[in-house]
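Asker: Supplied in structure tokens, the structure appears directly below.
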Amino acid sequence: MKPWIRYAAALATFVTAAAAAQAAGLVGNTLPPGLPSIEDTSLARPLIGFGAAGPVTRTPVIFIHGNNDTPFPTACNPYGRVQAMAQYFADNGYSTSELWGVGYQGDQCDLAADQTRRSSIAHTNAANVPDLRRFVRAVMDFTSAKRVDIVGHSLGVTLAREWMRQDEVQHMVRRFVAIDGPNHGIINCSPDPANYWQVPAAGGFTPASDVCQELGSPDSPFLRLLNGRNGRNENDGPTRVLVIRNGDASFVYFPVQDGSVAPVPAVDSFGRPTDFSKSASLRGAREIVLTGQGAYDPILRTGHLGILNSPQTWQAAFEFLDDRISRGKDD
């Protein structure tokens, strides 16, 4: 092929890709008119989130953030990176009407008055299942979709799994991307004096706190029920699951320095030495293990937050969900 032909072809490809990205539009920070307002059961105010009206040809994707986060940056939370991840999907062919984010803990401005709310009942999986349940149903009704895909990060992973378990709706979730979720507990809940997360200013993650009652040990009643005996429920039903997890540092699982976050002992909420390093894994799921993800957290340099903002995560999730790449493999 002559050089000018190669150049013309490359230019045409670039222009086409740029036009497609521009046509996809920007992922916003509001929910569209016509979607029923859903009251946050913990905050007694409407759920925040993003989504848009318009044609839907792909399976809609619902993004679920983690604990103490938001679906987009707010005045009280500079993260909110599921919106940026959704924008990557839009830039690569998804319509904004196919991309949805739910904010089940508000804008996080209520934390300024009391940091222990980070570990309180309002931030548990069980308390937020009603919000997710109504949001998913509203999105399905609005888009006329028969199924959805879910991308969850951290607490968003177990929240989605608990909703699916409670309502037995695995048939409604086509594919699920589980990013660094606390499927087998978190390291931050031990009674060890070196666990500074226990102090009120750090969130009050004591063994008796509500979040730690759920996630403080792989043997907590909540996780035993969620995962089932011998892990039989960890990847139950027709939903295809991709786990993306950190393999070197994550301040909720590893007893090592994670960016600006100092380590705590690997001890569970019952005071027992516990290896949480593979907490994000799910039995029977496809798994991608990443390292060095702290490079993608521009504020604290942590792997746990960086992995959500990682181009490796975005590409892997996109390829797992995109019909053009995966069509015919399992549908």
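Chains: A, B, ... in order of the structure tokens. Residues: from 1 per chain. Ligands: from 1, in order shown.
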Given only C-alpha atoms, how would the per-residue table for stretch 236-309 of chain A near stretch 73-90 of chain A read, listing every residue at most 12 Å away with its closest atom pair and distance in Å to one decimal, sorted by chain and number, as a tab-separated table?
Answerer:
```
residue	atom	partner	partner_atom	distance
A:Tyr296	CA	A:Arg81	CA	10.8
A:Asp297	CA	A:Tyr79	CA	9.0
A:Pro298	CA	A:Tyr79	CA	9.5
A:Ile299	CA	A:Pro78	CA	8.8
A:Leu300	CA	A:Tyr79	CA	10.6
A:Leu305	CA	A:Tyr79	CA	8.6
A:Gly306	CA	A:Arg81	CA	9.4
A:Ile307	CA	A:Arg81	CA	10.2
A:Leu308	CA	A:Arg81	CA	6.8
A:Asn309	CA	A:Arg81	CA	6.2
```
Asker: For A:Glu287, work out the shell of residues within 12 Å, counting only C-alpha atoms and skipping chain neighbours fewer than 2 positions away, then give it as a list of chain:residue names.
Answerer: A:Phe176, A:Val177, A:Ala178, A:Ile179, A:Asp180, A:Arg240, A:Val241, A:Leu242, A:Val243, A:Ile244, A:Arg245, A:Asn246, A:Gly247, A:Lys278, A:Ala280, A:Ser281, A:Leu282, A:Arg283, A:Gly284, A:Ala285, A:Val289, A:Leu290, A:Thr313, A:Ala316, A:Ala317, A:Phe320
Asker: Write the residues you've just listed into a file as a PDB file, in the first residue's frame, and include C-alpha atoms for each of them.
Answerer:
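Produced file out10.pdb, reproduced below:
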```
ATOM      1  CA  PHE A 176     -21.141  -8.482  36.188  1.00  0.00           C
ATOM      2  CA  VAL A 177     -17.742  -6.785  36.572  1.00  0.00           C
ATOM      3  CA  ALA A 178     -16.632  -7.002  40.217  1.00  0.00           C
ATOM      4  CA  ILE A 179     -13.774  -4.579  40.900  1.00  0.00           C
ATOM      5  CA  ASP A 180     -11.826  -5.117  44.160  1.00  0.00           C
ATOM      6  CA  ARG A 240     -21.126 -14.207  33.750  1.00  0.00           C
ATOM      7  CA  VAL A 241     -18.689 -12.628  36.212  1.00  0.00           C
ATOM      8  CA  LEU A 242     -15.344 -10.914  35.756  1.00  0.00           C
ATOM      9  CA  VAL A 243     -13.328 -10.110  38.880  1.00  0.00           C
ATOM     10  CA  ILE A 244     -10.674  -7.393  38.615  1.00  0.00           C
ATOM     11  CA  ARG A 245      -8.597  -7.126  41.780  1.00  0.00           C
ATOM     12  CA  ASN A 246      -5.365  -5.799  43.176  1.00  0.00           C
ATOM     13  CA  GLY A 247      -2.551  -8.260  43.643  1.00  0.00           C
ATOM     14  CA  LYS A 278      -7.739 -12.544  47.975  1.00  0.00           C
ATOM     15  CA  ALA A 280     -12.021  -9.780  46.072  1.00  0.00           C
ATOM     16  CA  SER A 281     -11.907 -13.186  44.372  1.00  0.00           C
ATOM     17  CA  LEU A 282     -15.083 -15.094  43.554  1.00  0.00           C
ATOM     18  CA  ARG A 283     -15.209 -18.845  43.132  1.00  0.00           C
ATOM     19  CA  GLY A 284     -15.694 -19.826  39.483  1.00  0.00           C
ATOM     20  CA  ALA A 285     -15.353 -16.295  38.086  1.00  0.00           C
ATOM     21  CA  VAL A 289      -5.085  -9.516  38.880  1.00  0.00           C
ATOM     22  CA  LEU A 290      -3.461  -6.087  38.523  1.00  0.00           C
ATOM     23  CA  THR A 313      -9.665  -1.898  34.323  1.00  0.00           C
ATOM     24  CA  ALA A 316     -10.987  -5.164  30.492  1.00  0.00           C
ATOM     25  CA  ALA A 317     -14.493  -4.267  31.654  1.00  0.00           C
ATOM     26  CA  PHE A 320     -16.063  -8.174  28.791  1.00  0.00           C
TER      27      PHE A 320
END
```
Asker: Just give me the gap between atom CA of A:Glu319 and atom CA of A:Gly49 in Å, one decimal is fine.
Answerer: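 Pair atom CA of A:Glu319 / atom CA of A:Gly49 returns 23.9 Å.
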Asker: May I have a table of the residues of stretch 227-303 of chain A lying at most 10 Å from stretch 155-169 of chain A, giving each one's closest pair of atoms and their distance in Å to one decimal, counting only C-alpha atoms, ordered by chain and ascending residue number, as a Markdown table?
Answerer:
```
| residue | atom | partner | partner_atom | distance |
| --- | --- | --- | --- | --- |
| A:Asn227 | CA | A:Arg161 | CA | 9.3 |
| A:Asn233 | CA | A:Arg165 | CA | 8.6 |
| A:Glu234 | CA | A:Arg161 | CA | 8.6 |
| A:Asn235 | CA | A:Arg161 | CA | 9.3 |
| A:Asp236 | CA | A:Arg165 | CA | 9.1 |
| A:Gly237 | CA | A:Val169 | CA | 9.0 |
| A:Pro238 | CA | A:Val169 | CA | 9.9 |
| A:Thr239 | CA | A:Val169 | CA | 9.5 |
| A:Val243 | CA | A:Val157 | CA | 9.6 |
| A:Ala280 | CA | A:Val157 | CA | 9.0 |
```
Asker: Give me the residues near stretch 110-116 of chain A as a list in words, where near means some atom within 7 Å (using only C-alpha atoms) and where sequence neighbours in that chain fewer than 4 positions away do not count.
Answerer: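 Final neighbour list, sorted by chain and number: Ser120, Pro200, Ala201, Ala202, Gly203 and Gly204 of chain A.
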Asker: Per DSSP on the backbone, filter stretch 109-267 of chain A down to the residues in alpha helix (DSSP H) and report them as a ChimeraX atom specification.
Answerer: /A:125-143,155-167,210-215,221-227
Asker: In Å to one decimal, how far is atom CA of A:Ser95 from atom CA of A:Thr57?
Answerer: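 Calculated distance between atom CA of A:Thr57 and atom CA of A:Ser95 is 8.5 Å.
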Asker: For A:Pro191, which of A:Ser217, A:Arg324, A:Gln108, A:Ile121 is the closest residue, counting only C-alpha atoms?
Answerer: A:Ser217
Asker: A:Pro33, A:Arg137, A:Gly54, A:Arg175: which is nearest A:Asp323, counting only C-alpha atoms?
Answerer: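 Smallest separation from A:Asp323 among the options: A:Arg175.
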Asker: So the first atom is atom CA of A:Val151 and the second is atom CA of A:Ala44; what is the distance between them in Å, to one decimal place?
Answerer: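 If I compute the distance from atom CA of A:Val151 to atom CA of A:Ala44, I get 25.4 Å.
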Asker: DSSP on the backbone: which residues in stretch 35-283 of chain A end up as strand (DSSP E)? Give the answer as a PyMOL selection string.
Answerer: chain A and resi 39-40+45-46+48-50+61-64+99-103+148-153+173-179+240-246
Asker: Considering only C-alpha atoms, state which residue in the set A:Asp149, A:Asp210, A:Asp258, A:Asp192 is at the smallest distance from A:Val136.
Answerer: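 Using only C-alpha atoms, the shortest distance to A:Val136 belongs to A:Asp149.
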Asker: Quick one: residues within 7 Å of A:Met172, only C-alpha atoms, excluding same-chain residues fewer than 3 positions away - as a list in words?
Answerer: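 Counting only the stated atoms, we get Lys146, Arg147, Val148 and Val169 of chain A.
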Asker: For C-alpha atoms, I'd like the residues from the last selection saved as a tab-separated table (two decimals), in the first residue's frame.
Answerer:
```tsv
chain	number	residue	atom	x	y	z
A	146	LYS	CA	-34.91	-7.28	29.71
A	147	ARG	CA	-31.50	-7.50	31.40
A	148	VAL	CA	-28.74	-5.24	32.65
A	169	VAL	CA	-32.59	-12.06	39.99
```
Asker: Find the spatial neighbours of A:Cys189, counting only C-alpha atoms, within a cut-off of 8 Å - ignore same-chain residues fewer than 2 positions away - and output them as a PDB file with C-alpha atoms, in the first residue's frame.
Answerer:
```
ATOM      1  CA  ILE A 186     -12.027  -6.234  54.945  1.00  0.00           C
ATOM      2  CA  ILE A 187      -8.907  -5.757  57.060  1.00  0.00           C
ATOM      3  CA  PRO A 191      -9.893  -4.994  67.688  1.00  0.00           C
ATOM      4  CA  ASN A 195      -6.025  -0.727  63.771  1.00  0.00           C
ATOM      5  CA  TRP A 197      -9.589   2.758  61.549  1.00  0.00           C
ATOM      6  CA  GLN A 198     -11.358   2.208  64.864  1.00  0.00           C
ATOM      7  CA  PHE A 205     -14.569   0.809  62.035  1.00  0.00           C
ATOM      8  CA  THR A 206     -14.779  -1.137  65.308  1.00  0.00           C
ATOM      9  CA  PRO A 207     -15.852  -4.774  65.391  1.00  0.00           C
ATOM     10  CA  CYS A 212     -17.815  -4.399  60.292  1.00  0.00           C
ATOM     11  CA  GLY A 216     -15.166  -7.597  59.352  1.00  0.00           C
ATOM     12  CA  VAL A 267      -6.664  -9.485  61.898  1.00  0.00           C
ATOM     13  CA  ASP A 268     -10.411  -9.985  61.518  1.00  0.00           C
ATOM     14  CA  SER A 269     -13.183  -8.517  63.648  1.00  0.00           C
TER      15      SER A 269
END
```
Asker: Hey, which of A:Glu214, A:Asp107, A:Asp219, A:Asp40 ends up closest to A:His65? Count only C-alpha atoms.
Answerer: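 The shortest atom-to-atom distance to A:His65 comes from A:Asp107.
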Asker: Counting only C-alpha atoms, which of A:Gly152, A:Gly28, A:Gly93, A:Pro46 gets nearest to A:Asp322?
Answerer: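 Answer, going by the shortest atom-to-atom distance: A:Gly93.
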